[in-house]
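Source file: start37.csv (CSV, C-alpha atoms)
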```
chain,number,residue,atom,x,y,z
B,12,MET,CA,-20.0,-6.4,-6.0
B,13,THR,CA,-17.3,-6.4,-8.6
B,14,SER,CA,-16.8,-9.7,-10.4
B,15,LEU,CA,-13.3,-10.9,-9.8
B,16,PRO,CA,-11.2,-12.3,-12.6
B,17,ALA,CA,-9.9,-15.9,-12.4
B,18,ALA,CA,-6.9,-16.5,-10.2
B,19,GLY,CA,-3.7,-15.8,-12.0
B,20,SER,CA,-5.3,-13.8,-14.8
B,21,LEU,CA,-3.9,-10.4,-13.8
B,22,ARG,CA,-0.9,-10.2,-16.2
B,23,PRO,CA,-1.1,-10.1,-20.0
B,24,THR,CA,0.9,-12.6,-22.0
B,25,ARG,CA,4.3,-11.2,-23.0
B,26,THR,CA,6.3,-12.1,-26.1
B,27,GLU,CA,10.0,-11.9,-25.8
B,28,THR,CA,12.9,-12.9,-28.1
B,29,HIS,CA,15.9,-14.6,-26.4
B,30,THR,CA,19.3,-15.0,-28.1
B,31,LEU,CA,20.9,-18.3,-27.3
B,32,GLY,CA,24.3,-18.3,-29.0
B,33,PRO,CA,23.6,-18.0,-32.7
B,34,VAL,CA,19.8,-18.8,-32.3
B,35,GLU,CA,17.0,-16.5,-31.6
B,36,VAL,CA,13.9,-18.0,-29.9
B,37,THR,CA,10.6,-16.1,-29.5
B,38,VAL,CA,8.8,-17.1,-26.4
B,39,GLU,CA,5.3,-16.3,-25.2
B,40,ASP,CA,5.5,-15.8,-21.4
B,41,ARG,CA,2.4,-16.5,-19.4
B,42,ASP,CA,4.0,-15.9,-16.0
B,43,ARG,CA,1.4,-15.4,-13.3
B,44,THR,CA,3.7,-14.8,-10.4
B,45,ARG,CA,3.9,-11.0,-10.1
B,46,PRO,CA,5.2,-10.3,-6.6
B,47,TYR,CA,3.5,-7.9,-4.3
B,48,LEU,CA,5.0,-6.1,-1.4
B,49,LEU,CA,2.4,-5.2,1.2
B,50,LEU,CA,3.0,-2.4,3.7
B,51,HIS,CA,0.9,-2.0,6.9
B,52,GLY,CA,0.0,1.2,8.6
B,53,GLY,CA,0.0,2.3,12.2
B,54,GLY,CA,-2.3,-0.5,13.3
B,55,GLY,CA,0.5,-3.0,12.8
B,56,VAL,CA,1.0,-6.0,10.6
B,57,ALA,CA,-2.3,-7.6,11.7
B,58,THR,CA,-4.2,-5.0,9.7
B,59,MET,CA,-2.7,-6.4,6.5
B,60,SER,CA,-2.2,-10.1,7.1
B,61,GLY,CA,-5.8,-11.2,6.2
B,62,PHE,CA,-5.6,-9.3,2.9
B,63,ALA,CA,-2.2,-10.8,2.2
B,64,ASP,CA,-3.8,-14.2,2.4
B,65,LEU,CA,-6.7,-13.2,0.2
B,66,LEU,CA,-4.4,-11.7,-2.5
B,67,ALA,CA,-2.1,-14.7,-2.5
B,68,GLU,CA,-5.0,-17.1,-2.8
B,69,ARG,CA,-6.9,-15.3,-5.5
B,70,THR,CA,-3.9,-14.4,-7.7
B,71,HIS,CA,-1.5,-17.2,-7.0
B,72,ALA,CA,1.1,-14.5,-6.5
B,73,ARG,CA,4.0,-14.1,-4.2
B,74,VAL,CA,3.0,-11.8,-1.4
B,75,LEU,CA,5.5,-10.3,1.0
B,76,LEU,CA,4.3,-8.7,4.2
B,77,PRO,CA,7.1,-7.3,6.4
B,78,THR,CA,6.7,-5.9,9.9
B,79,HIS,CA,8.2,-2.4,9.9
B,80,PRO,CA,11.2,-2.3,12.3
B,81,GLY,CA,9.9,-0.8,15.6
B,82,PHE,CA,6.4,-2.2,15.2
B,83,GLY,CA,5.2,-5.2,17.2
B,84,GLY,CA,8.0,-4.9,19.6
B,85,THR,CA,10.7,-5.5,16.9
B,86,PRO,CA,14.0,-3.6,17.1
B,87,LYS,CA,14.6,-0.4,15.2
B,88,PRO,CA,18.1,0.7,14.5
B,89,GLU,CA,19.0,4.3,14.9
B,90,SER,CA,19.7,4.6,11.1
B,91,LEU,CA,16.0,4.4,10.4
B,92,THR,CA,15.3,8.0,11.1
B,93,GLY,CA,12.3,8.5,8.7
B,94,VAL,CA,10.1,7.2,6.0
B,95,THR,CA,12.6,7.7,3.2
B,96,GLU,CA,15.2,5.6,5.0
B,97,LEU,CA,12.7,2.9,5.5
B,98,ALA,CA,11.8,3.0,1.8
B,99,ARG,CA,15.4,2.5,0.9
B,100,LEU,CA,15.6,-0.5,3.3
B,101,TYR,CA,12.7,-2.1,1.4
B,102,VAL,CA,14.3,-1.5,-2.0
B,103,GLU,CA,17.4,-3.2,-0.6
B,104,LEU,CA,15.1,-6.1,0.4
B,105,LEU,CA,13.9,-6.4,-3.2
B,106,ASP,CA,17.5,-6.4,-4.4
B,107,GLU,CA,18.4,-9.1,-1.9
B,108,LEU,CA,15.4,-11.3,-3.0
B,109,ASP,CA,16.2,-10.5,-6.7
B,110,LEU,CA,12.5,-9.6,-7.4
B,111,THR,CA,11.3,-7.8,-10.5
B,112,ASP,CA,7.9,-6.4,-11.6
B,113,VAL,CA,7.0,-5.7,-8.0
B,114,THR,CA,3.7,-4.0,-7.2
B,115,VAL,CA,4.0,-2.2,-3.8
B,116,ILE,CA,0.7,-1.9,-1.9
B,117,GLY,CA,0.4,0.2,1.3
B,118,ASN,CA,-2.3,1.4,3.6
B,119,SER,CA,-2.2,4.6,5.7
B,120,PHE,CA,1.4,5.0,6.8
B,121,GLY,CA,2.2,2.1,4.4
B,122,GLY,CA,0.7,4.2,1.6
B,123,TRP,CA,3.1,7.0,2.3
B,124,LEU,CA,5.9,4.4,2.4
B,125,ALA,CA,4.7,2.9,-0.9
B,126,ALA,CA,4.9,6.4,-2.5
B,127,GLU,CA,8.5,6.8,-1.1
B,128,ILE,CA,9.5,3.4,-2.5
B,129,ALA,CA,8.1,4.4,-5.9
B,130,LEU,CA,10.2,7.6,-5.7
B,131,GLN,CA,13.4,5.6,-5.3
B,132,GLU,CA,13.1,4.7,-9.0
B,133,SER,CA,14.1,1.1,-8.5
B,134,PRO,CA,13.8,-0.9,-11.7
B,135,ARG,CA,12.4,-3.7,-9.6
B,136,VAL,CA,9.2,-1.8,-8.9
B,137,SER,CA,6.6,-1.6,-11.7
B,138,GLY,CA,3.7,0.0,-9.9
B,139,ALA,CA,2.2,1.2,-6.6
B,140,VAL,CA,-1.1,1.2,-4.8
B,141,ILE,CA,-1.8,3.8,-2.1
B,142,ILE,CA,-4.7,2.9,0.1
B,143,ASP,CA,-6.0,5.7,2.3
B,144,GLY,CA,-2.4,7.0,2.6
B,145,ILE,CA,-1.0,9.7,4.7
B,146,GLY,CA,2.1,11.9,4.1
B,147,ILE,CA,1.1,14.9,2.0
B,148,GLU,CA,-0.1,18.2,3.2
B,149,VAL,CA,-3.6,19.3,1.9
B,150,ASP,CA,-5.0,22.7,2.9
B,151,SER,CA,-8.1,22.4,5.1
B,152,HIS,CA,-7.8,18.6,5.2
B,153,PRO,CA,-5.2,17.7,7.8
B,154,PRO,CA,-5.0,14.1,9.0
B,155,ALA,CA,-6.6,13.4,12.3
B,156,ASP,CA,-4.2,13.6,15.2
B,157,VAL,CA,-4.3,10.0,16.7
B,158,SER,CA,-1.4,10.4,19.0
B,159,GLY,CA,-3.5,10.9,22.1
B,160,LEU,CA,-6.6,9.0,21.2
B,161,SER,CA,-7.9,5.7,22.7
B,162,LEU,CA,-8.4,2.7,20.5
B,163,ASP,CA,-12.1,3.2,20.6
B,164,GLU,CA,-11.7,6.8,19.4
B,165,ILE,CA,-9.4,5.7,16.6
B,166,ARG,CA,-11.8,3.0,15.6
B,167,ALA,CA,-14.6,5.5,15.4
B,168,LEU,CA,-12.6,7.6,12.9
B,169,SER,CA,-11.3,4.6,10.9
B,170,TRP,CA,-14.4,2.5,10.3
B,171,HIS,CA,-17.6,3.0,8.3
B,172,ASP,CA,-19.2,0.7,10.9
B,173,PRO,CA,-17.1,0.9,14.1
B,174,ALA,CA,-19.3,-1.9,15.6
B,175,LYS,CA,-17.7,-4.3,13.2
B,176,ALA,CA,-14.1,-3.4,14.1
B,177,PRO,CA,-12.1,-6.3,15.6
B,178,VAL,CA,-11.3,-5.9,19.3
B,179,PRO,CA,-7.6,-6.4,20.1
B,180,PRO,CA,-6.6,-9.2,22.5
B,181,GLY,CA,-7.1,-8.0,26.1
B,182,GLY,CA,-9.6,-5.3,25.0
B,183,GLY,CA,-7.2,-2.3,25.1
B,184,THR,CA,-8.3,1.2,26.0
B,185,GLY,CA,-5.2,3.3,25.6
B,186,PRO,CA,-3.1,4.2,22.5
B,187,SER,CA,-1.5,1.3,20.8
B,188,PRO,CA,2.3,0.9,21.3
B,189,ASP,CA,2.6,0.9,17.5
B,190,ILE,CA,1.4,4.5,17.4
B,191,GLN,CA,4.7,5.6,19.0
B,192,ALA,CA,6.6,3.5,16.4
B,193,LEU,CA,4.6,5.3,13.7
B,194,ILE,CA,5.3,8.8,15.1
B,195,GLY,CA,9.0,7.8,15.3
B,196,TYR,CA,9.0,7.6,11.5
B,197,THR,CA,6.5,10.3,10.5
B,198,GLY,CA,7.0,12.9,13.2
B,199,PRO,CA,4.0,14.3,15.2
B,200,ASN,CA,2.4,15.9,12.1
B,201,MET,CA,2.5,12.6,10.1
B,202,SER,CA,3.3,14.5,6.9
B,203,ASP,CA,6.1,15.7,4.8
B,204,PRO,CA,5.6,19.2,3.2
B,205,THR,CA,7.9,18.1,0.2
B,206,LEU,CA,6.1,14.9,-0.6
B,207,ALA,CA,3.3,16.2,-2.9
B,208,GLU,CA,5.7,18.1,-5.1
B,209,ARG,CA,8.1,15.1,-5.3
B,210,LEU,CA,5.2,12.9,-6.3
B,211,GLY,CA,4.9,15.0,-9.5
B,212,GLY,CA,8.1,13.3,-10.8
B,213,LEU,CA,6.7,9.8,-10.6
B,214,ASP,CA,6.6,8.0,-14.0
B,215,LEU,CA,5.1,4.6,-13.1
B,216,PRO,CA,1.4,3.6,-12.7
B,217,VAL,CA,-0.1,4.4,-9.3
B,218,HIS,CA,-3.6,3.5,-8.1
B,219,VAL,CA,-5.0,5.6,-5.2
B,220,VAL,CA,-7.8,3.8,-3.4
B,221,TRP,CA,-9.9,5.5,-0.7
B,222,GLY,CA,-12.7,4.6,1.7
B,223,GLU,CA,-15.6,7.1,1.4
B,224,SER,CA,-16.1,7.0,5.2
B,225,ASP,CA,-12.5,7.6,6.1
B,226,ARG,CA,-12.3,10.2,8.9
B,227,ILE,CA,-8.6,9.8,9.5
B,228,VAL,CA,-7.8,11.3,6.1
B,229,ASP,CA,-11.0,12.2,4.2
B,230,PRO,CA,-11.7,11.5,0.5
B,231,ASP,CA,-10.8,15.0,-0.6
B,232,TYR,CA,-7.4,14.4,0.9
B,233,GLY,CA,-7.3,11.2,-1.2
B,234,LYS,CA,-8.3,13.0,-4.4
B,235,ALA,CA,-5.5,15.5,-3.7
B,236,TYR,CA,-3.1,12.6,-3.4
B,237,ALA,CA,-4.1,11.2,-6.8
B,238,ALA,CA,-3.9,14.7,-8.4
B,239,ALA,CA,-0.3,15.0,-7.3
B,240,ILE,CA,0.7,11.9,-9.2
B,241,PRO,CA,0.8,12.2,-13.0
B,242,MET,CA,0.1,8.5,-13.9
B,243,SER,CA,-2.5,7.8,-11.2
B,244,ALA,CA,-6.1,6.4,-11.1
B,245,PHE,CA,-8.4,7.1,-8.2
B,246,THR,CA,-11.1,4.7,-6.9
B,247,LEU,CA,-13.5,5.6,-4.1
B,248,LEU,CA,-14.9,2.5,-2.2
B,249,PRO,CA,-18.4,2.8,-0.7
B,250,ARG,CA,-19.2,1.8,2.9
B,251,THR,CA,-15.5,1.7,3.8
B,252,GLY,CA,-13.3,3.6,6.1
B,253,HIS,CA,-9.6,4.0,6.6
B,254,LEU,CA,-8.9,0.2,6.4
B,255,PRO,CA,-10.5,-1.2,3.3
B,256,GLN,CA,-8.3,-4.3,3.4
B,257,VAL,CA,-9.9,-5.2,6.8
B,258,GLU,CA,-13.4,-3.7,6.4
B,259,THR,CA,-14.2,-4.6,2.7
B,260,PRO,CA,-11.3,-6.8,1.5
B,261,GLU,CA,-13.3,-8.3,-1.4
B,262,GLU,CA,-14.2,-4.9,-2.8
B,263,LEU,CA,-10.7,-3.7,-2.5
B,264,LEU,CA,-9.3,-6.8,-4.3
B,265,GLY,CA,-11.9,-6.3,-7.0
B,266,ALA,CA,-10.9,-2.7,-7.5
B,267,LEU,CA,-7.2,-3.7,-7.8
B,268,LEU,CA,-7.7,-6.6,-10.1
B,269,ASP,CA,-10.2,-4.7,-12.3
B,270,LEU,CA,-7.7,-1.9,-12.8
B,271,GLY,CA,-5.0,-4.5,-13.6
B,272,GLU,CA,-7.1,-6.0,-16.3
B,273,ARG,CA,-7.7,-2.6,-18.0
B,274,ALA,CA,-3.9,-1.8,-17.9
```

Rewritten as structure tokens:
Amino acid sequence: MTSLPAAGSLRPTRTETHTLGPVEVTVEDRDRTRPYLLLHGGGGVATMSGFADLLAERTHARVLLPTHPGFGGTPKPESLTGVTELARLYVELLDELDLTDVTVIGNSFGGWLAAEIALQESPRVSGAVIIDGIGIEVDSHPPADVSGLSLDEIRALSWHDPAKAPVPPGGGTGPSPDIQALIGYTGPNMSDPTLAERLGGLDLPVHVVWGESDRIVDPDYGKAYAAAIPMSAFTLLPRTGHLPQVETPEELLGALLDLGERA
């Protein structure tokens, strides 16, 4: 397994000169509090909460994990008609919190959302991580249609080892209510035919991470995602499906932090 850097070692030291009246002071800044915005997918916020804890503990960073409006029984205003509108809402959240140097990390639908946030060109966002994202159209590699599938069927497509998938409270046999919230943002095709072309205009670092056993959107789909983004890196995680942050969180964290050290 990848050796993890020490907590708080992700960011390099920065040297800045500050002008204080007639005096210039040069300061080495060893700030280790880079904020992260984590974005869950169609499985709901529970699919990202454990990784949020792990990321905060290992990096001593500020980690924000919102529940998308409409998920988990939360209200969704009529103005949130699609993924772009939700992306704008989260940029407004970063403005409200006055955060800078934010890394946006999203899985599945959250990966598409992370891409749309990056496309907003907010000066508060310095990078994005797309983990088994959806949203683009790739010939011969369409996303699996999960709208009519049971939880067991979705689990079989999402996990390298479905036997290790957590069972939701009460068991659950039908589609999750959050699937309807998901389709409310993405439409039934769960894609945007303009997204891949728009991603070609991104000018910030993007890391595309994929599980080799993902059968919701396969690795070739992931490689096409990375190829659409000029400043992207692609990492394939072994023995991992559609939810690396749940199935192999240590390996995912190692991949993210290793790339950060090399940047």

Checklist entry - Please, what distance in Å, to one decimal, runs between CA of Thr251 (chain B) and CA of Tyr232 (chain B)? => result 15.3 Å

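Coordinates place CA of Glu164 (chain B) at a distance of 23.4 Å from CA of Leu50 (chain B).
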
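Surrounding residues of (-3.7, 2.0, 2.0) at most 8 Å away are His51, Gly52, Ile116, Gly117, Asn118, Ser119, Phe120, Gly121, Gly122, Val140, Ile141, Ile142, Asp143, Gly144, Val220, Trp221, His253, Leu254, Pro255 and Gln256 of chain B (based on only C-alpha atoms).
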
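One finds CA of Val149 (chain B) at 8.6 Å from CA of Tyr236 (chain B).
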
Next on the checklist: I'd like to know which of B:Lys87, B:Arg250, B:Arg45, B:His71 is closest to His171 (chain B), using all atoms listed in the file.
Outcome noted: B:Arg250

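Between Thr95 (chain B) and the candidates B:Gly61, B:Gly252, B:Pro77, B:Gly146, the tightest atom-to-atom separation, counting only C-alpha atoms, involves B:Gly146.
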